[in-house]
Every structure is written in C-alpha cells, then in structure tokens.
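Pasted below: input-v9.txt, compact mmCIF, C-alpha atoms.
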# COMPACT_ATOMS: atom_id res chain seq x y z
CA MET A 1 83.94 93.03 72.77
CA HIS A 2 82.07 95.99 74.20
CA PRO A 3 84.29 99.12 74.39
CA SER A 4 83.80 99.48 78.14
CA SER A 5 85.36 96.07 78.76
CA ARG A 6 88.56 96.95 76.94
CA CYS A 7 91.52 98.92 78.21
CA GLN A 8 91.76 102.44 76.93
CA GLU A 9 94.41 103.16 74.31
CA PRO A 10 96.07 106.54 73.77
CA ALA A 11 94.22 108.64 71.22
CA SER A 12 97.31 108.63 68.99
CA ALA A 13 97.42 104.84 68.76
CA THR A 14 96.35 103.73 65.29
CA GLY A 15 96.96 100.96 62.77
CA PRO A 16 97.89 97.28 63.23
CA ASP A 17 100.03 97.89 66.34
CA ALA A 18 97.14 99.59 68.10
CA GLU A 19 94.80 96.75 67.14
CA ARG A 20 97.22 94.15 68.49
CA SER A 21 97.64 96.18 71.67
CA ALA A 22 93.87 96.44 72.17
CA ALA A 23 93.39 92.72 71.54
CA SER A 24 96.15 91.87 74.02
CA CYS A 25 94.64 94.22 76.56
CA GLY A 26 91.26 92.55 76.18
CA ARG A 27 92.79 89.13 76.79
CA THR A 28 94.61 90.50 79.81
CA ALA A 29 91.37 91.91 81.26
CA GLY A 30 89.72 88.51 80.88
CA SER A 31 92.65 86.77 82.53
CA LEU A 32 92.62 89.19 85.47
CA LEU A 33 88.92 88.59 86.00
CA ALA A 34 89.40 84.81 85.89
CA HIS A 35 91.88 84.98 88.79
CA SER A 36 90.10 87.54 90.94
CA THR A 37 88.62 87.43 94.43
CA ILE A 38 86.09 89.46 96.40
CA GLU A 39 85.66 90.59 100.02
CA LEU A 40 82.55 89.75 102.03
CA SER A 41 80.82 92.75 103.58
CA THR A 42 77.44 91.37 104.66
CA ASN A 43 75.90 88.77 106.94
CA SER A 44 72.75 88.59 104.82
CA ARG A 45 72.22 85.15 103.32
CA GLU A 46 69.80 86.69 100.84
CA ALA A 47 72.48 89.10 99.60
CA VAL A 48 75.11 86.37 99.36
CA ALA A 49 72.66 84.14 97.48
CA GLN A 50 71.96 86.96 95.05
CA ALA A 51 75.70 87.46 94.54
CA ALA A 52 76.11 83.71 94.01
CA SER A 53 73.78 83.96 91.02
CA LEU A 54 76.12 86.56 89.52
CA LEU A 55 79.61 85.31 90.34
CA PRO A 56 81.50 82.20 89.16
CA VAL A 57 80.95 79.02 91.16
CA GLY A 58 83.83 78.47 93.53
CA MET A 59 85.04 82.09 93.43
CA PRO A 60 87.19 82.81 96.50
CA VAL A 61 85.47 85.13 98.97
CA TYR A 62 87.53 86.67 101.77
CA ILE A 63 86.02 86.90 105.24
CA PRO A 64 87.42 89.82 107.26
CA LYS A 65 88.46 89.30 110.87
CA LEU A 66 86.77 91.95 113.01
CA PRO A 67 88.90 93.64 115.71
CA ARG A 68 88.37 92.44 119.27
CA ARG A 69 86.24 89.54 118.08
CA SER A 70 87.10 85.84 118.16
CA HIS A 71 88.00 84.10 114.91
CA THR A 72 85.11 81.72 115.55
CA VAL A 73 82.65 84.59 115.00
CA GLY A 74 83.36 84.24 111.27
CA LEU A 75 82.53 80.54 111.12
CA ALA A 76 78.87 81.19 110.29
CA GLN A 77 79.99 83.19 107.25
CA VAL A 78 82.43 80.44 106.29
CA ARG A 79 79.64 77.87 106.30
CA MET A 80 77.20 80.13 104.47
CA LEU A 81 79.67 80.87 101.67
CA HIS A 82 80.46 77.18 101.27
CA GLU A 83 76.77 76.24 101.17
CA LEU A 84 76.11 78.84 98.46
CA GLY A 85 78.93 77.63 96.22
CA PHE A 86 81.78 79.97 97.06
CA LYS A 87 85.28 79.15 98.31
CA PRO A 88 85.60 80.77 101.75
CA VAL A 89 88.97 82.37 102.52
CA PRO A 90 89.03 83.47 106.17
CA HIS A 91 91.36 86.16 107.48
CA ILE A 92 93.63 85.05 110.30
CA ALA A 93 94.85 87.88 112.54
CA ALA A 94 98.08 86.65 114.12
CA ARG A 95 98.17 88.86 117.21
CA ASP A 96 94.54 88.04 118.08
CA LEU A 97 95.31 84.34 118.50
CA GLY A 98 95.61 83.35 122.14
CA SER A 99 97.39 80.06 121.46
CA ALA A 100 98.55 77.67 118.76
CA ARG A 101 95.69 75.38 119.73
CA GLU A 102 93.17 78.13 118.97
CA LEU A 103 94.52 78.34 115.43
CA GLU A 104 94.56 74.56 115.03
CA GLU A 105 90.95 74.20 116.19
CA PHE A 106 89.74 77.05 113.98
CA LEU A 107 91.42 75.57 110.90
CA ALA A 108 90.14 72.10 111.68
CA ILE A 109 86.57 73.41 111.53
CA VAL A 110 87.15 75.52 108.41
CA VAL A 111 89.06 72.93 106.40
CA GLY A 112 87.03 69.99 107.66
CA GLY A 113 83.71 71.69 106.95
CA THR A 114 84.45 73.31 103.60
CA GLY A 115 87.57 71.71 102.15
CA THR A 116 89.14 75.13 101.57
CA ASP A 117 92.93 75.13 101.32
CA GLN A 118 93.46 78.90 101.45
CA VAL A 119 93.65 81.62 104.11
CA LEU A 120 94.81 85.22 104.31
CA VAL A 121 97.15 85.89 107.22
CA ILE A 122 97.59 89.39 108.63
CA GLY A 123 99.20 90.79 111.75
CA GLY A 124 95.96 92.32 112.96
CA ASP A 125 95.01 95.62 114.58
CA ALA A 126 96.12 94.66 118.10
CA GLU A 127 99.31 96.35 119.28
CA ALA A 128 100.34 93.44 121.49
CA ALA A 129 100.08 89.73 120.78
CA ALA A 130 97.49 87.79 122.79
CA GLY A 131 99.52 84.61 122.34
CA PRO A 132 102.59 83.16 120.59
CA PHE A 133 102.19 84.91 117.22
CA ALA A 134 103.68 88.39 117.02
CA ASP A 135 103.01 88.78 113.31
CA SER A 136 101.82 86.95 110.20
CA ALA A 137 105.30 85.57 109.54
CA ALA A 138 105.13 83.73 112.87
CA VAL A 139 101.94 81.98 111.78
CA ILE A 140 103.53 80.93 108.49
CA ALA A 141 106.66 79.73 110.28
CA SER A 142 104.69 77.61 112.76
CA GLY A 143 103.82 74.88 110.25
CA ILE A 144 100.25 74.78 111.56
CA LEU A 145 98.80 75.89 108.23
CA GLN A 146 100.26 72.94 106.30
CA ALA A 147 99.45 70.49 109.08
CA SER A 148 95.84 71.65 108.96
CA GLY A 149 95.47 71.17 105.21
CA ILE A 150 96.19 74.71 104.05
CA GLY A 151 98.26 74.81 100.87
CA ARG A 152 97.91 78.47 99.93
CA VAL A 153 98.54 81.50 102.09
CA ASP A 154 97.79 85.08 101.08
CA VAL A 155 99.53 88.03 102.71
CA ALA A 156 98.85 91.76 102.64
CA GLY A 157 100.79 94.21 100.51
CA TYR A 158 100.84 97.99 100.86
CA PRO A 159 101.55 99.84 97.60
CA GLY A 160 101.07 103.23 99.28
CA GLY A 161 102.95 102.28 102.42
CA HIS A 162 101.62 101.61 105.91
CA PRO A 163 100.75 104.36 108.41
CA ARG A 164 102.61 102.64 111.27
CA ILE A 165 105.33 100.55 109.59
CA PRO A 166 108.46 102.05 107.94
CA PRO A 167 109.03 101.09 104.27
CA ASP A 168 112.23 99.14 104.99
CA ASP A 169 110.45 97.08 107.63
CA LEU A 170 107.62 96.33 105.19
CA ARG A 171 110.08 95.14 102.53
CA ASN A 172 112.05 92.99 104.98
CA ASP A 173 108.88 91.48 106.41
CA MET A 174 107.59 90.60 102.95
CA THR A 175 110.91 88.97 102.03
CA ARG A 176 110.77 86.90 105.20
CA LYS A 177 107.22 85.72 104.55
CA ILE A 178 108.05 84.75 100.99
CA GLU A 179 111.07 82.75 102.18
CA LEU A 180 109.09 81.04 104.94
CA ALA A 181 106.31 80.06 102.54
CA GLN A 182 108.82 78.63 100.08
CA GLN A 183 110.57 76.68 102.83
CA GLY A 184 107.22 75.32 104.01
CA SER A 185 106.02 74.44 100.47
CA LEU A 186 103.15 76.91 100.75
CA GLY A 187 101.86 78.76 97.72
CA LEU A 188 101.93 82.49 98.49
CA THR A 189 100.04 85.36 96.87
CA VAL A 190 100.29 89.03 97.82
CA VAL A 191 96.92 90.80 98.05
CA THR A 192 97.34 94.56 98.08
CA GLN A 193 95.51 97.28 99.90
CA PHE A 194 93.53 99.48 97.52
CA SER A 195 94.97 102.75 96.27
CA PHE A 196 93.67 105.91 94.66
CA VAL A 197 96.68 105.84 92.37
CA PRO A 198 96.84 102.70 90.16
CA GLU A 199 100.42 103.61 89.24
CA GLN A 200 101.39 102.83 92.85
CA ILE A 201 100.05 99.31 92.49
CA ALA A 202 101.84 98.78 89.17
CA GLU A 203 105.12 99.95 90.68
CA TYR A 204 104.58 97.73 93.71
CA CYS A 205 103.92 94.69 91.52
CA ALA A 206 107.08 95.38 89.54
CA GLY A 207 109.04 95.63 92.79
CA ILE A 208 107.78 92.25 93.98
CA ALA A 209 108.62 90.75 90.58
CA ARG A 210 112.21 91.96 90.81
CA VAL A 211 112.90 90.24 94.15
CA ALA A 212 110.50 87.27 93.87
CA PRO A 213 109.56 86.57 90.23
CA GLY A 214 107.42 83.55 91.09
CA VAL A 215 105.16 85.34 93.56
CA ALA A 216 101.76 86.41 92.24
CA VAL A 217 100.09 89.69 93.19
CA ARG A 218 96.38 90.43 93.32
CA ALA A 219 95.59 94.16 93.26
CA GLY A 220 93.05 95.56 95.68
CA VAL A 221 90.38 97.57 93.86
CA PRO A 222 87.41 99.31 95.48
CA GLY A 223 84.06 98.16 94.14
CA PRO A 224 81.41 100.67 93.05
CA THR A 225 80.70 103.18 95.83
CA SER A 226 80.53 106.91 96.50
CA VAL A 227 83.71 108.96 96.90
CA LYS A 228 82.55 110.01 100.38
CA ARG A 229 82.17 106.40 101.47
CA LEU A 230 85.46 105.40 99.87
CA LEU A 231 87.33 108.20 101.66
CA HIS A 232 85.76 107.00 104.92
CA PHE A 233 87.07 103.47 104.40
CA ALA A 234 90.42 104.78 103.18
CA ARG A 235 90.99 106.42 106.55
CA ILE A 236 89.86 103.28 108.41
CA CYS A 237 92.16 101.10 106.30
CA GLY A 238 95.11 103.47 106.64
CA VAL A 239 95.36 104.39 102.97
CA SER A 240 96.98 107.65 104.04
CA THR A 241 99.94 107.78 101.69
CA SER A 242 97.66 107.19 98.73
CA LEU A 243 95.55 110.13 99.85
CA ARG A 244 98.71 112.24 100.18
CA ALA A 245 99.65 111.25 96.63
CA ILE A 246 96.23 112.47 95.49
CA ASN A 247 96.85 115.79 97.25
CA LYS A 248 100.28 116.16 95.68
CA LEU A 249 98.74 115.67 92.27
CA GLY A 250 96.37 118.51 93.08
CA LEU A 251 93.35 116.51 92.03
CA ASN A 252 90.00 118.21 92.24
CA THR A 253 86.79 116.39 93.10
CA LEU A 254 86.10 115.41 89.50
CA LYS A 255 89.54 113.88 89.06
CA LEU A 256 89.28 112.14 92.43
CA VAL A 257 86.05 110.50 91.27
CA ARG A 258 87.92 109.27 88.20
CA HIS A 259 90.77 107.84 90.28
CA ALA A 260 88.31 106.16 92.66
CA ASP A 261 86.18 104.69 89.89
CA THR A 262 86.23 100.89 89.77
CA GLU A 263 86.12 100.76 85.99
CA MET A 264 88.96 103.24 85.50
CA GLN A 265 91.18 101.48 88.03
CA PHE A 266 90.54 98.10 86.46
CA GLN A 267 91.24 99.37 82.94
CA GLU A 268 94.49 100.99 84.01
CA LEU A 269 95.69 97.86 85.81
CA ALA A 270 94.75 95.66 82.86
CA ARG A 271 96.54 98.01 80.47
CA ARG A 272 99.71 97.98 82.55
CA SER A 273 99.54 94.22 83.03
CA GLY A 274 99.16 93.83 79.27
CA THR A 275 102.36 95.79 78.70
CA HIS A 276 104.13 93.94 81.55
CA ASP A 277 104.44 97.16 83.57
CA ALA A 278 102.56 95.56 86.46
CA GLY A 279 105.02 92.74 87.05
CA ASN A 280 103.34 89.56 88.20
CA LEU A 281 99.81 90.92 88.58
CA VAL A 282 97.40 87.98 88.18
CA GLY A 283 94.03 89.37 89.23
CA ILE A 284 92.16 91.89 91.35
CA HIS A 285 90.71 91.67 94.83
CA LEU A 286 87.42 93.56 94.99
CA PHE A 287 86.73 95.50 98.19
CA THR A 288 82.96 95.76 98.54
CA PHE A 289 82.60 99.04 100.44
CA GLY A 290 79.54 100.00 98.40
CA GLY A 291 77.78 96.68 98.91
CA PHE A 292 78.48 93.02 98.18
CA VAL A 293 75.73 92.64 95.59
CA GLU A 294 76.66 95.92 93.89
CA SER A 295 80.27 94.78 93.51
CA ALA A 296 79.16 91.33 92.34
CA THR A 297 76.98 92.97 89.71
CA TRP A 298 79.89 95.04 88.40
CA PHE A 299 82.09 91.94 88.26
CA SER A 300 79.40 89.91 86.51
CA ASP A 301 78.95 92.61 83.89
CA LYS A 302 82.72 92.68 83.27
CA LEU A 303 82.81 88.92 82.83
CA ARG A 304 79.94 89.01 80.38
CA LEU A 305 81.49 91.77 78.30
CA ALA A 306 84.92 90.15 78.34
CA ALA A 307 83.42 86.94 76.97
CA ALA A 308 81.51 88.72 74.18

Rewrite the coordinates I just gave you, this time as structure tokens.
Amino acid sequence: MHPSSRCQEPASATGPDAERSAASCGRTAGSLLAHSTIELSTNSREAVAQAASLLPVGMPVYIPKLPRRSHTVGLAQVRMLHELGFKPVPHIAARDLGSARELEEFLAIVVGGTGTDQVLVIGGDAEAAAGPFADSAAVIASGILQASGIGRVDVAGYPGGHPRIPPDDLRNDMTRKIELAQQGSLGLTVVTQFSFVPEQIAEYCAGIARVAPGVAVRAGVPGPTSVKRLLHFARICGVSTSLRAINKLGLNTLKLVRHADTEMQFQELARRSGTHDAGNLVGIHLFTFGGFVESATWFSDKLRLAAA
C-alpha cells in the first residue's frame, strides 16, 4: 500500500504492534471508502460523466435542496445521476414542503424513475413551515417515506454544534428521530456537517454510539479546495463553533491548511475509527466545494491506493 493511503502512526510506534496497527488502519481506510458518499455541486452532465468514470458504479450522490426553490427543481439532477450510473439521494427540506401530497408526488417520481430507496431529510433554512412539516422528525413520523418505497433515511449531525439550535435541543431531536425511524422500520444513518477539527467528529460519533449503538455515522469531509473557499462555505453552512475551536487552538494559516486538508482529515478519521475512538463511523461524506470532478479524482486515487 502506498504510504499516503495509510493512516499516520506516531513516530515512536515501532515493532510488531506498530505493524499490526498500520495494517488495521489500512483496512479501516478501505472500509470507510467502500461506504462513502459524495455531494453533487454541478449541473454539468459532462462533469458528472467524467466523475462517473472515476467513482464506483452505484455510489450514492446527494443532491442538495436549494433555499426558496421547489424540490422538483432537483429532478433533472436525479435523472442525470441515475442515467450515469449513480444512486441519487435527494435532500428533502421539511419546512419547504407545502403539503403531504407534495412530498408524496416528489417521491413517486424519484423512486419510480430511479429505484432509489434513500433520502436525506433536513429541517431546511426556512424559519417557518410552508406546510405540515415543522422539522425533519415530522417527515419521518408521517410514514410517507415508507409508503413511497424509501427504506433508508439519512439525517444531519452537527459535531461542532448548530449556530441557531442549543446543544440539548440537538441531542433531544436526534434521539427522537432515531426512535421514530426504529418504530417505522427505517434504516437511519447520521451524516455530519464538516469540521475543521476531526476530534470533534470522533467525539460526536462516540456520543451517538453510547446512546444508539446500532446507528451508523458518516463523517462530513471537505473535498480538495482552497482554505479561502472552504472558509466561505463554512460560514454559509454555519460551521461557526468549529471555527471558534480553531481560534482557541491558536492555529496559524499553515496549521489551518493542515486541518482543512482532505487527506489529513481522512487519515485522522480512519486512524480513530481503527482504534474504535470514532464509535460507529462507517464512511465519509465528501463535500465538493472545490469541484465535483476534483473531489471524485481524490476519491478515485484513494480507492486505487487502498486496493494496492
């Protein structure tokens, strides 16, 4: 295996134990890659086709729901991803739905046209609900997902906290969604927001494992991009507490680049998963702020090296 595809070991680690640790870490990295997902950030069919030549057939690709736009706007992307061999996973923003029928009709088109059985449900950016769903838990509780052929629901996790939601409310809301999914026989996976501090994600995973051992977590990781662009998206996505953690650590620009680096984040998560510090971490979710093809290229290179 190429050194860059393996998790870094402490310089003091030597002998058989270090070799076993490195081998385990390599297997963990391969396992994380095998259960990973990626976010769509382009409407270009040419770019998606190029990415399709790099990524595994059937890899889940998440389709963001744009604020103040109908869910049906994303249907063209759903169809394109399906046609090019991906598994489309649309975002459903609960508060943007005007009615239960709107959700039913959207899912009928998505499931009927692609056969996908997976969606990511979020509350959405709207302050007030346009219809009967005040939050993502209300969508899960409705039973519409199962009735429409959805068997897996992903929900958002916030390792660094949320700029508008108190920590206790976040924990209670997550517990409720997990319980509702279990009651409705839905598979549930937590997909986290990205963080500049991988330790936050590891701690978050461990926290989920303590209260819900059977729930898988996929860690959000920013794909290759510039620090300037990443900071821009961090503010848009509300990754404020992670930025505060960076400031508390007194990181200079060089160290910030290291913390933002896709490779370094992946290695740290794989290392912690290999030592069971990251709880039930099963894969990464790649945010493609620097470009869909660029992130697909990084992922393809990691797969190739992990298989060597």

Have a look at atom CA of Ile150 of chain A and atom CA of Phe292 of chain A and let me know their distance in Å, one decimal. 26.1 Å

Tell me which of A:Pro56, A:Gly207, A:Pro222, A:Gly149 sits closest to Ser195 of chain A, counting only C-alpha atoms.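 Selected residue with least distance to Ser195 of chain A: A:Pro222.
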
Find the residue from A:Leu180, A:Leu97, A:Leu303, A:Val221 that sits nearest to Gln193 of chain A; use only C-alpha atoms when measuring.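 Ranking A:Leu180, A:Leu97, A:Leu303, A:Val221 by distance to Gln193 of chain A, first place goes to A:Val221.
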
In terms of the shortest atom-to-atom distance over only C-alpha atoms, which of A:Ala202, A:Ala49, A:Ala128, A:Ala141 is closest to Arg95 of chain A?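 Looking only at the distances to Arg95 of chain A, the closest residue turns out to be A:Ala128.
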
Residues within 8 Å of Ala134 of chain A, please, as a PDB file with C-alpha atoms, keeping the file's coordinate frame. Count all atoms listed in the file; anything in the same chain fewer than 2 positions from it doesn't count.
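To be explicit, this is the file written out as result_11.pdb:
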ATOM      1  CA  ALA A  94      98.080  86.650 114.120  1.00  0.00           C
ATOM      2  CA  ARG A  95      98.170  88.860 117.210  1.00  0.00           C
ATOM      3  CA  GLY A 123      99.200  90.790 111.750  1.00  0.00           C
ATOM      4  CA  ALA A 128     100.340  93.440 121.490  1.00  0.00           C
ATOM      5  CA  ALA A 129     100.080  89.730 120.780  1.00  0.00           C
ATOM      6  CA  GLY A 131      99.520  84.610 122.340  1.00  0.00           C
ATOM      7  CA  PRO A 132     102.590  83.160 120.590  1.00  0.00           C
ATOM      8  CA  SER A 136     101.820  86.950 110.200  1.00  0.00           C
ATOM      9  CA  ALA A 138     105.130  83.730 112.870  1.00  0.00           C
TER      10      ALA A 138
END

Restricting the calculation to only C-alpha atoms: of A:Asp154, A:Ser148, A:Met174, A:Thr192, which residue gets closest to Pro60 of chain A?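 Smallest distance to Pro60 of chain A is found for A:Asp154.
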
Using only C-alpha atoms, which of the listed residues (A:Ile92, A:Val211, A:Val110, A:Cys205) sits closest to Leu75 of chain A?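 Looking at the shortest contact to Leu75 of chain A, the residue is A:Val110.
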